[in-house]
$ cat start_1.cif   # mmCIF, C-alpha atoms
data_final
#
loop_
_atom_site.group_PDB
_atom_site.id
_atom_site.type_symbol
_atom_site.label_atom_id
_atom_site.label_comp_id
_atom_site.auth_asym_id
_atom_site.auth_seq_id
_atom_site.Cartn_x
_atom_site.Cartn_y
_atom_site.Cartn_z
ATOM 1 C CA MET P 1 -22.963 -5.476 -22.303
ATOM 2 C CA GLU P 2 -19.581 -7.047 -22.055
ATOM 3 C CA ILE P 3 -16.821 -5.841 -19.785
ATOM 4 C CA THR P 4 -13.618 -5.325 -21.766
ATOM 5 C CA LEU P 5 -10.048 -4.527 -20.866
ATOM 6 C CA THR P 6 -10.771 -0.839 -21.443
ATOM 7 C CA HIS P 7 -13.283 -0.808 -18.583
ATOM 8 C CA TYR P 8 -10.685 -2.125 -16.165
ATOM 9 C CA LEU P 9 -7.996 0.264 -17.390
ATOM 10 C CA VAL P 10 -10.360 3.227 -17.003
ATOM 11 C CA LEU P 11 -11.164 2.107 -13.453
ATOM 12 C CA SER P 12 -7.434 1.692 -12.746
ATOM 13 C CA THR P 13 -6.771 5.204 -14.041
ATOM 14 C CA LEU P 14 -9.598 6.594 -11.914
ATOM 15 C CA LEU P 15 -8.251 4.975 -8.734
ATOM 16 C CA PHE P 16 -4.721 6.104 -9.580
ATOM 17 C CA ALA P 17 -6.030 9.668 -9.967
ATOM 18 C CA ILE P 18 -7.724 9.429 -6.543
ATOM 19 C CA GLY P 19 -4.429 8.264 -5.044
ATOM 20 C CA LEU P 20 -2.468 11.069 -6.688
ATOM 21 C CA ILE P 21 -4.974 13.648 -5.444
ATOM 22 C CA GLY P 22 -4.465 12.205 -1.951
ATOM 23 C CA VAL P 23 -0.667 12.395 -2.261
ATOM 24 C CA MET P 24 -0.839 16.045 -3.309
ATOM 25 C CA ARG P 25 -3.560 17.047 -0.854
ATOM 26 C CA ARG P 26 -2.531 15.346 2.379
ATOM 27 C CA LYS P 27 -0.237 16.947 4.919
ATOM 28 C CA ASN P 28 -0.602 14.213 7.546
ATOM 29 C CA LEU P 29 2.164 11.670 6.892
ATOM 30 C CA LEU P 30 0.027 8.680 7.901
ATOM 31 C CA MET P 31 -2.630 9.725 5.397
ATOM 32 C CA LEU P 32 0.133 10.087 2.811
ATOM 33 C CA PHE P 33 0.994 6.413 3.319
ATOM 34 C CA PHE P 34 -2.673 5.506 2.773
ATOM 35 C CA SER P 35 -2.607 7.345 -0.545
ATOM 36 C CA THR P 36 0.467 5.416 -1.707
ATOM 37 C CA GLU P 37 -1.349 2.159 -0.911
ATOM 38 C CA ILE P 38 -4.206 3.329 -3.147
ATOM 39 C CA LEU P 39 -1.710 3.979 -5.962
ATOM 40 C CA LEU P 40 -0.242 0.472 -5.670
ATOM 41 C CA ASN P 41 -3.700 -1.144 -5.587
ATOM 42 C CA ALA P 42 -4.830 0.770 -8.672
ATOM 43 C CA VAL P 43 -1.851 -0.596 -10.577
ATOM 44 C CA ASN P 44 -2.590 -4.112 -9.294
ATOM 45 C CA ILE P 45 -6.094 -4.018 -10.795
ATOM 46 C CA GLY P 46 -4.624 -3.059 -14.165
ATOM 47 C CA MET P 47 -2.045 -5.859 -13.956
ATOM 48 C CA ALA P 48 -4.643 -8.534 -13.135
ATOM 49 C CA ALA P 49 -6.977 -7.300 -15.900
ATOM 50 C CA ILE P 50 -4.223 -7.377 -18.539
ATOM 51 C CA SER P 51 -3.210 -10.836 -17.315
ATOM 52 C CA HIS P 52 -6.781 -12.076 -17.807
ATOM 53 C CA TYR P 53 -7.519 -10.483 -21.182
ATOM 54 C CA ARG P 54 -4.133 -11.278 -22.758
ATOM 55 C CA GLY P 55 -4.095 -14.820 -21.375
ATOM 56 C CA ASP P 56 -0.704 -14.458 -19.734
ATOM 57 C CA TYR P 57 0.491 -15.071 -16.178
ATOM 58 C CA THR P 58 3.115 -12.304 -16.246
ATOM 59 C CA GLY P 59 0.675 -9.643 -15.038
ATOM 60 C CA GLN P 60 -0.268 -11.664 -11.977
ATOM 61 C CA MET P 61 3.425 -12.253 -11.202
ATOM 62 C CA PHE P 62 4.099 -8.520 -11.255
ATOM 63 C CA ALA P 63 1.064 -7.952 -9.027
ATOM 64 C CA PHE P 64 2.603 -10.355 -6.478
ATOM 65 C CA PHE P 65 5.870 -8.484 -6.433
ATOM 66 C CA ILE P 66 4.003 -5.188 -6.077
ATOM 67 C CA ILE P 67 2.215 -6.596 -3.017
ATOM 68 C CA ALA P 68 5.571 -7.688 -1.531
ATOM 69 C CA ILE P 69 7.022 -4.217 -2.151
ATOM 70 C CA ALA P 70 3.953 -2.603 -0.541
ATOM 71 C CA ALA P 71 4.334 -4.760 2.585
ATOM 72 C CA SER P 72 8.023 -3.903 3.046
ATOM 73 C CA GLU P 73 7.352 -0.225 2.292
ATOM 74 C CA VAL P 74 4.775 -0.112 5.085
ATOM 75 C CA ALA P 75 7.135 -1.780 7.585
ATOM 76 C CA VAL P 76 10.075 0.544 6.928
ATOM 77 C CA GLY P 77 7.975 3.680 6.423
ATOM 78 C CA LEU P 78 5.964 3.234 9.592
ATOM 79 C CA GLY P 79 9.146 2.491 11.572
ATOM 80 C CA LEU P 80 10.689 5.729 10.336
ATOM 81 C CA LEU P 81 7.452 7.580 11.083
ATOM 82 C CA ILE P 82 7.437 6.257 14.671
ATOM 83 C CA VAL P 83 11.064 7.398 15.144
ATOM 84 C CA TRP P 84 10.184 10.837 13.738
ATOM 85 C CA TYR P 85 7.156 11.101 16.013
ATOM 86 C CA LYS P 86 9.240 10.115 19.075
ATOM 87 C CA ARG P 87 11.829 12.784 18.245
ATOM 88 C CA THR P 88 9.547 15.677 17.339
ATOM 89 C CA GLY P 89 5.994 14.777 18.407
ATOM 90 C CA LYS P 90 4.608 15.766 14.999
ATOM 91 C CA ILE P 91 3.509 13.919 11.865
ATOM 92 C CA ASP P 92 2.924 17.044 9.816
ATOM 93 C CA LEU P 93 4.606 17.186 6.428
ATOM 94 C CA ASP P 94 4.935 20.987 6.422
ATOM 95 C CA GLN P 95 6.955 20.935 9.636
ATOM 96 C CA MET P 96 9.597 18.540 8.275
ATOM 97 C CA THR P 97 11.745 21.478 7.224
ATOM 98 C CA SER P 98 15.061 20.540 8.828
ATOM 99 C CA MET P 99 16.841 20.986 5.478
ATOM 100 C CA ARG P 100 15.453 24.526 5.036
ATOM 101 C CA GLY P 101 14.389 23.795 1.475
ATOM 102 C CA MET G 102 -24.462 -9.802 -17.659
ATOM 103 C CA PHE G 103 -23.582 -10.795 -14.103
ATOM 104 C CA GLU G 104 -19.983 -9.820 -14.758
ATOM 105 C CA ALA G 105 -21.139 -6.345 -15.801
ATOM 106 C CA ILE G 106 -23.310 -5.980 -12.678
ATOM 107 C CA ALA G 107 -20.423 -7.116 -10.461
ATOM 108 C CA PHE G 108 -17.972 -4.819 -12.229
ATOM 109 C CA TYR G 109 -20.090 -1.686 -11.881
ATOM 110 C CA LEU G 110 -21.109 -2.503 -8.292
ATOM 111 C CA PHE G 111 -17.557 -3.050 -7.078
ATOM 112 C CA ALA G 112 -16.153 -0.187 -9.151
ATOM 113 C CA THR G 113 -18.613 2.197 -7.489
ATOM 114 C CA LEU G 114 -17.898 0.802 -4.025
ATOM 115 C CA ILE G 115 -14.102 1.004 -4.447
ATOM 116 C CA THR G 116 -14.271 4.549 -5.821
ATOM 117 C CA VAL G 117 -16.472 5.699 -2.931
ATOM 118 C CA MET G 118 -14.279 3.998 -0.313
ATOM 119 C CA PHE G 119 -11.030 5.414 -1.657
ATOM 120 C CA THR G 120 -12.564 8.865 -2.029
ATOM 121 C CA ILE G 121 -13.507 8.700 1.659
ATOM 122 C CA THR G 122 -9.929 7.629 2.476
ATOM 123 C CA VAL G 123 -8.476 10.579 0.581
ATOM 124 C CA MET G 124 -10.980 13.242 1.627
ATOM 125 C CA THR G 125 -11.921 12.555 5.259
ATOM 126 C CA SER G 126 -10.259 14.369 8.126
ATOM 127 C CA GLN G 127 -10.684 11.493 10.608
ATOM 128 C CA ALA G 128 -7.803 8.985 10.580
ATOM 129 C CA LEU G 129 -10.021 6.151 11.819
ATOM 130 C CA TYR G 130 -12.562 6.665 9.020
ATOM 131 C CA ALA G 131 -9.723 6.672 6.506
ATOM 132 C CA LEU G 132 -8.346 3.395 7.915
ATOM 133 C CA THR G 133 -11.665 1.535 7.876
ATOM 134 C CA ALA G 134 -12.669 2.848 4.437
ATOM 135 C CA MET G 135 -9.284 1.765 3.114
ATOM 136 C CA ALA G 136 -9.661 -1.756 4.568
ATOM 137 C CA ALA G 137 -13.105 -2.056 2.951
ATOM 138 C CA GLY G 138 -11.688 -0.864 -0.372
ATOM 139 C CA MET G 139 -8.951 -3.526 -0.213
ATOM 140 C CA ILE G 140 -11.559 -6.270 0.310
ATOM 141 C CA PHE G 141 -13.588 -4.975 -2.654
ATOM 142 C CA ILE G 142 -10.470 -4.979 -4.838
ATOM 143 C CA SER G 143 -9.983 -8.671 -4.092
ATOM 144 C CA ALA G 144 -13.461 -9.201 -5.603
ATOM 145 C CA PHE G 145 -12.051 -7.915 -8.915
ATOM 146 C CA PHE G 146 -9.248 -10.454 -8.724
ATOM 147 C CA PHE G 147 -11.791 -13.243 -8.255
ATOM 148 C CA ILE G 148 -13.830 -11.954 -11.229
ATOM 149 C CA LEU G 149 -10.670 -11.890 -13.361
ATOM 150 C CA GLY G 150 -9.820 -15.489 -12.500
ATOM 151 C CA ALA G 151 -6.777 -14.633 -10.377
ATOM 152 C CA ASP G 152 -7.976 -16.598 -7.341
ATOM 153 C CA PHE G 153 -4.613 -16.815 -5.596
ATOM 154 C CA LEU G 154 -4.014 -13.087 -6.030
ATOM 155 C CA GLY G 155 -7.421 -12.354 -4.467
ATOM 156 C CA ALA G 156 -6.648 -14.510 -1.437
ATOM 157 C CA ILE G 157 -3.227 -12.858 -1.082
ATOM 158 C CA GLN G 158 -4.890 -9.446 -1.347
ATOM 159 C CA ILE G 159 -7.190 -10.240 1.583
ATOM 160 C CA ILE G 160 -4.474 -11.875 3.713
ATOM 161 C CA VAL G 161 -1.621 -9.440 3.095
ATOM 162 C CA TYR G 162 -3.435 -6.133 2.651
ATOM 163 C CA THR G 163 -6.408 -6.309 4.968
ATOM 164 C CA GLY G 164 -4.703 -8.749 7.328
ATOM 165 C CA ALA G 165 -1.115 -7.564 7.599
ATOM 166 C CA VAL G 166 -0.813 -4.043 6.173
ATOM 167 C CA MET G 167 -3.980 -2.703 7.791
ATOM 168 C CA ALA G 168 -2.981 -4.318 11.114
ATOM 169 C CA ILE G 169 0.404 -2.567 10.908
ATOM 170 C CA TYR G 170 -1.348 0.736 10.205
ATOM 171 C CA ALA G 171 -3.731 0.218 13.128
ATOM 172 C CA PHE G 172 -0.714 -0.617 15.292
ATOM 173 C CA GLY G 173 1.100 2.500 14.102
ATOM 174 C CA MET G 174 -1.929 4.690 14.755
ATOM 175 C CA MET G 175 -1.689 3.773 18.439
ATOM 176 C CA PHE G 176 1.614 5.664 18.567
ATOM 177 C CA PHE G 177 0.236 8.844 17.100
ATOM 178 C CA ASP G 178 -2.192 11.347 18.494
ATOM 179 C CA THR G 179 -4.776 10.853 15.765
ATOM 180 C CA THR G 180 -7.462 12.836 17.525
ATOM 181 C CA ARG G 181 -5.407 15.972 16.969
ATOM 182 C CA ASN G 182 -6.037 17.168 13.445
ATOM 183 C CA VAL G 183 -3.120 18.108 11.274
ATOM 184 C CA ILE G 184 -3.968 21.416 9.652
ATOM 185 C CA GLU G 185 -4.154 20.844 5.929
ATOM 186 C CA LYS G 186 -4.251 24.121 4.155
ATOM 187 C CA ARG G 187 -6.154 23.813 0.906
ATOM 188 C CA SER G 188 -4.505 26.411 -1.244
ATOM 189 C CA ASN G 189 -6.072 25.387 -4.558
ATOM 190 C CA PRO G 190 -8.118 22.147 -4.435
ATOM 191 C CA ARG G 191 -9.343 22.298 -8.044
ATOM 192 C CA PHE G 192 -5.773 22.612 -9.287
ATOM 193 C CA VAL G 193 -4.775 19.517 -7.289
ATOM 194 C CA ILE G 194 -7.680 17.473 -8.671
ATOM 195 C CA VAL G 195 -6.979 18.483 -12.276
ATOM 196 C CA LEU G 196 -3.259 17.814 -11.849
ATOM 197 C CA GLY G 197 -3.900 14.391 -10.279
ATOM 198 C CA ALA G 198 -6.265 13.289 -13.055
ATOM 199 C CA PHE G 199 -3.898 14.579 -15.732
ATOM 200 C CA ALA G 200 -0.911 12.766 -14.216
ATOM 201 C CA ALA G 201 -2.860 9.487 -13.980
ATOM 202 C CA VAL G 202 -3.978 9.683 -17.638
ATOM 203 C CA LEU G 203 -0.397 10.515 -18.607
ATOM 204 C CA VAL G 204 0.947 7.437 -16.791
ATOM 205 C CA VAL G 205 -1.588 5.179 -18.552
ATOM 206 C CA PHE G 206 -0.657 6.742 -21.890
ATOM 207 C CA ILE G 207 3.073 6.275 -21.252
ATOM 208 C CA VAL G 208 2.589 2.619 -20.354
ATOM 209 C CA LEU G 209 0.174 1.798 -23.183
ATOM 210 C CA ALA G 210 1.675 3.828 -26.059
ATOM 211 C CA PRO G 211 4.469 1.378 -26.993
ATOM 212 C CA ILE G 212 2.266 -1.732 -26.866
ATOM 213 C CA VAL G 213 -1.052 -0.542 -28.286
ATOM 214 C CA THR G 214 -0.093 -1.164 -31.917
ATOM 215 C CA THR G 215 2.078 -4.249 -31.489
ATOM 216 C CA ASN G 216 0.583 -7.701 -31.286
ATOM 217 C CA LEU G 217 1.661 -9.062 -27.926
ATOM 218 C CA GLU G 218 2.414 -12.729 -27.456
ATOM 219 C CA ALA G 219 1.817 -14.487 -24.153
ATOM 220 C CA HIS G 220 5.080 -15.575 -22.566
ATOM 221 C CA TYR G 221 3.376 -17.837 -20.055
ATOM 222 C CA PRO G 222 -0.073 -18.556 -21.495
ATOM 223 C CA ILE G 223 -2.918 -19.327 -19.127
ATOM 224 C CA ASP G 224 -3.558 -23.060 -18.986
ATOM 225 C CA LEU G 225 -7.125 -23.860 -18.064
ATOM 226 C CA ALA G 226 -6.303 -27.538 -17.398
ATOM 227 C CA VAL G 227 -4.639 -26.731 -14.069
ATOM 228 C CA GLY G 228 -5.996 -24.458 -11.360
ATOM 229 C CA ASN G 229 -4.876 -20.880 -10.910
ATOM 230 C CA THR G 230 -2.881 -21.537 -7.720
ATOM 231 C CA GLN G 231 -1.042 -24.515 -9.212
ATOM 232 C CA ALA G 232 -0.183 -22.634 -12.395
ATOM 233 C CA ILE G 233 0.997 -19.616 -10.393
ATOM 234 C CA GLY G 234 3.285 -21.869 -8.398
ATOM 235 C CA MET G 235 4.704 -23.468 -11.529
ATOM 236 C CA VAL G 236 5.493 -20.116 -13.158
ATOM 237 C CA LEU G 237 6.707 -18.496 -9.929
ATOM 238 C CA PHE G 238 9.126 -21.256 -8.975
ATOM 239 C CA THR G 239 10.569 -21.780 -12.443
ATOM 240 C CA LYS G 240 10.619 -18.520 -14.422
ATOM 241 C CA TYR G 241 10.446 -16.025 -11.555
ATOM 242 C CA LEU G 242 12.562 -17.834 -8.962
ATOM 243 C CA VAL G 243 15.319 -15.202 -8.708
ATOM 244 C CA PRO G 244 12.897 -12.241 -8.256
ATOM 245 C CA PHE G 245 11.020 -14.359 -5.711
ATOM 246 C CA GLU G 246 14.197 -14.906 -3.674
ATOM 247 C CA LEU G 247 15.103 -11.226 -3.971
ATOM 248 C CA ALA G 248 11.629 -10.305 -2.716
ATOM 249 C CA ALA G 249 12.179 -12.649 0.230
ATOM 250 C CA ILE G 250 15.488 -10.917 1.078
ATOM 251 C CA MET G 251 13.791 -7.525 0.709
ATOM 252 C CA LEU G 252 11.036 -8.540 3.134
ATOM 253 C CA LEU G 253 13.645 -9.806 5.618
ATOM 254 C CA VAL G 254 15.545 -6.515 5.431
ATOM 255 C CA ALA G 255 12.285 -4.588 5.860
ATOM 256 C CA MET G 256 11.358 -6.717 8.886
ATOM 257 C CA ILE G 257 14.719 -6.111 10.570
ATOM 258 C CA ALA G 258 14.493 -2.405 9.749
ATOM 259 C CA GLY G 259 11.012 -2.207 11.244
ATOM 260 C CA ILE G 260 12.102 -3.968 14.441
ATOM 261 C CA VAL G 261 15.204 -1.801 14.851
ATOM 262 C CA LEU G 262 13.369 1.454 14.117
ATOM 263 C CA ALA G 263 10.258 0.823 16.216
ATOM 264 C CA GLY G 264 11.840 -1.167 19.050
ATOM 265 C CA LYS G 265 13.434 0.569 21.989
ATOM 266 C CA LYS G 266 16.633 -0.190 23.896
ATOM 267 C CA MET G 267 18.005 -2.136 20.934
ATOM 268 C CA ASP G 268 21.567 -1.155 21.827
ATOM 269 C CA LYS G 269 21.429 -3.284 24.994
ATOM 270 C CA SER G 270 21.072 -7.064 24.828
ATOM 271 C CA LEU G 271 19.085 -8.493 27.713
ATOM 272 C CA THR G 272 20.369 -12.023 27.030
ATOM 273 C CA LEU G 273 24.078 -11.157 27.247
ATOM 274 C CA MET G 274 24.031 -8.893 30.312
ATOM 275 C CA ALA G 275 24.669 -10.014 33.858
ATOM 276 C CA GLU G 276 21.874 -9.915 36.436
ATOM 277 C CA GLU G 277 23.386 -6.895 38.206
ATOM 278 C CA GLU G 278 23.585 -4.880 34.986
ATOM 279 C CA ILE G 279 19.910 -5.571 34.207
ATOM 280 C CA ALA G 280 18.936 -4.513 37.724
ATOM 281 C CA LEU G 281 21.062 -1.377 37.314
ATOM 282 C CA MET G 282 19.438 -0.609 33.952
ATOM 283 C CA HIS G 283 15.958 -1.005 35.424
ATOM 284 C CA ALA G 284 16.873 1.218 38.356
ATOM 285 C CA SER G 285 18.265 3.915 36.046
ATOM 286 C CA SER G 286 15.205 3.793 33.807
ATOM 287 C CA VAL G 287 12.926 4.095 36.858
ATOM 288 C CA SER G 288 14.918 7.095 38.118
ATOM 289 C CA GLU G 289 14.756 8.626 34.606
ATOM 290 C CA THR G 290 10.981 8.377 34.538
ATOM 291 C CA LEU G 291 10.826 9.832 38.048
ATOM 292 C CA GLU G 292 12.994 12.757 36.940
ATOM 293 C CA GLU G 293 10.818 13.297 33.893
ATOM 294 C CA GLY G 294 7.760 13.298 36.135
ATOM 295 C CA ALA G 295 9.426 15.820 38.454
ATOM 296 C CA HIS G 296 10.135 18.136 35.533
#

$ encode --input "start_1.cif" --output "structure tokens"
Amino acid sequence: MEITLTHYLVLSTLLFAIGLIGVMRRKNLLMLFFSTEILLNAVNIGMAAISHYRGDYTGQMFAFFIIAIAASEVAVGLGLLIVWYKRTGKIDLDQMTSMRG
Amino acid sequence: MFEAIAFYLFATLITVMFTITVMTSQALYALTAMAAGMIFISAFFFILGADFLGAIQIIVYTGAVMAIYAFGMMFFDTTRNVIEKRSNPRFVIVLGAFAAVLVVFIVLAPIVTTNLEAHYPIDLAVGNTQAIGMVLFTKYLVPFELAAIMLLVAMIAGIVLAGKKMDKSLTLMAEEEIALMHASSVSETLEEGAH
């Protein structure tokens, strides 16, 4: 019973699906950020697995840059969310309708 | 054998944790389940031989990102539930699964028939951390520097957005101006209290 690359890619797909369900389901903006973190982590698992099974460091390099992007995304996104909460007192996605779309 | 046991154990744990994060209505449960899921993901990196990536996962994700989220949750009224109307939950689940499979297909379709060559083959003579450093600081130096600039910009943006009274510099003002500013802010809070 050997674990192959396919096992890891199926797991990565499963976690990505969970993250996408969260993105579509959540109306709380903080929970929406959590779901995006799940998406990035699902991709990271796939990158590390491909790096291991193909014998190449490129996958791990891309995983590093994804982690850096996730960190900066959290800093900027949470700052914007705090500003929005100070101005309106809400973190509800359905009430962000200032553009009347 | 042990690899299979570890894989299935951690796969189950991660799936359960992330499902709790997505489905629960309590923000605190979501935060703690997410932190646990991040730790379990680092176990996969250790299984796959990416030791440095696993350490970074624990330090950056569960150390820094989760701390920022916990810090941000202090600003928000998380006890008040945001009403999430579930118009069609089955549709959302089917659409999410379909989109994820589609993304995997899009990524894998061009490379599944070709025989890939390793650009930077894994060298077992040196450790993972040393090899990562050698590749990162030779072949990926420019993206590394760009990532550093991006993190600096994000840090400044976070400070400016979350900090208050950034338009006034406390180091450049005279003593009287600071006293005046404090007095005005005190009177503002008093007025707000009166209203």

$ residues_near_point --input "start_1.cif" --point "(2.5, 1.7, 4.6)" --cutoff "6 Å" --atoms "all atoms listed in the file" --output "PDB file with C-alpha atoms, in the frame of the given file"
ATOM      1  CA  PHE P  33       0.994   6.413   3.319  1.00  0.00           C
ATOM      2  CA  GLU P  73       7.352  -0.225   2.292  1.00  0.00           C
ATOM      3  CA  VAL P  74       4.775  -0.112   5.085  1.00  0.00           C
TER       4      VAL P  74
END

$ closest_residue --input "start_1.cif" --among "P:Thr58, P:Phe65, P:Ser72, P:Arg25" --to "Phe192 (chain G)" --atoms "all atoms listed in the file"
P:Arg25

$ residues_around --input "start_1.cif" --residues "region 212-218 of chain G" --least-positions-apart "4" --cutoff "12 Å" --atoms "all atoms listed in the file" --output "MDAnalysis selection string"
(chainID P and resid 6 50:51 53:58) or (chainID G and resid 205:208 222:223)

$ residues_around --input "start_1.cif" --residues "region 107-112 of chain G" --least-positions-apart "4" --cutoff "10 Å" --atoms "only C-alpha atoms" --output "PyMOL selection string"
(chain P and resi 3+7-8+11-12+14-15) or (chain G and resi 102-103+116-118+138+141-145+148)

$ closest_residue --input "start_1.cif" --among "P:Met24, P:Leu30, P:Leu9, P:Ile18" --to "Gly79 (chain P)" --atoms "only C-alpha atoms"
P:Leu30

$ closest_residue --input "start_1.cif" --among "G:Ala263, G:Val161, G:Ala280, G:Leu129" --to "Ile82 (chain P)" --atoms "only C-alpha atoms"
G:Ala263

$ atom_distance --input "start_1.cif" --atom1 "CA of Leu114 (chain G)" --atom2 "CA of Ala137 (chain G)"
8.9 Å

$ atom_distance --input "start_1.cif" --atom1 "CA of Val83 (chain P)" --atom2 "CA of Glu278 (chain G)"
26.5 Å

$ closest_residue --input "start_1.cif" --among "G:Val236, G:Ala275, G:Ala200, G:Met251" --to "Thr13 (chain P)" --atoms "all atoms listed in the file"
G:Ala200

$ atom_distance --input "start_1.cif" --atom1 "CA of Gly77 (chain P)" --atom2 "CA of Val193 (chain G)"
24.5 Å

$ resolve_selection --input "start_1.cif" --expression "the PyMOL selection byres ((chain G and resi 122-126) around 12)" --output "count of residues only"
54

$ resolve_selection --input "start_1.cif" --expression "the PyMOL selection byres ((chain P and resi 63) around 10)" --output "number ranges by chain"
P: 40-41, 43-48, 51, 58-62, 64-69; G: 154, 158

$ resolve_selection --input "start_1.cif" --expression "the PyMOL selection byres ((chain G and resi 164-169) around 8)" --output "JSON, numbers by chain"
{"P": [71, 74, 75], "G": [132, 136, 159, 160, 161, 162, 163, 170, 171, 172, 173]}

$ closest_residue --input "start_1.cif" --among "P:Lys90, P:Met99, P:Val10, P:Val76" --to "chain G" --atoms "all atoms listed in the file"
P:Val76
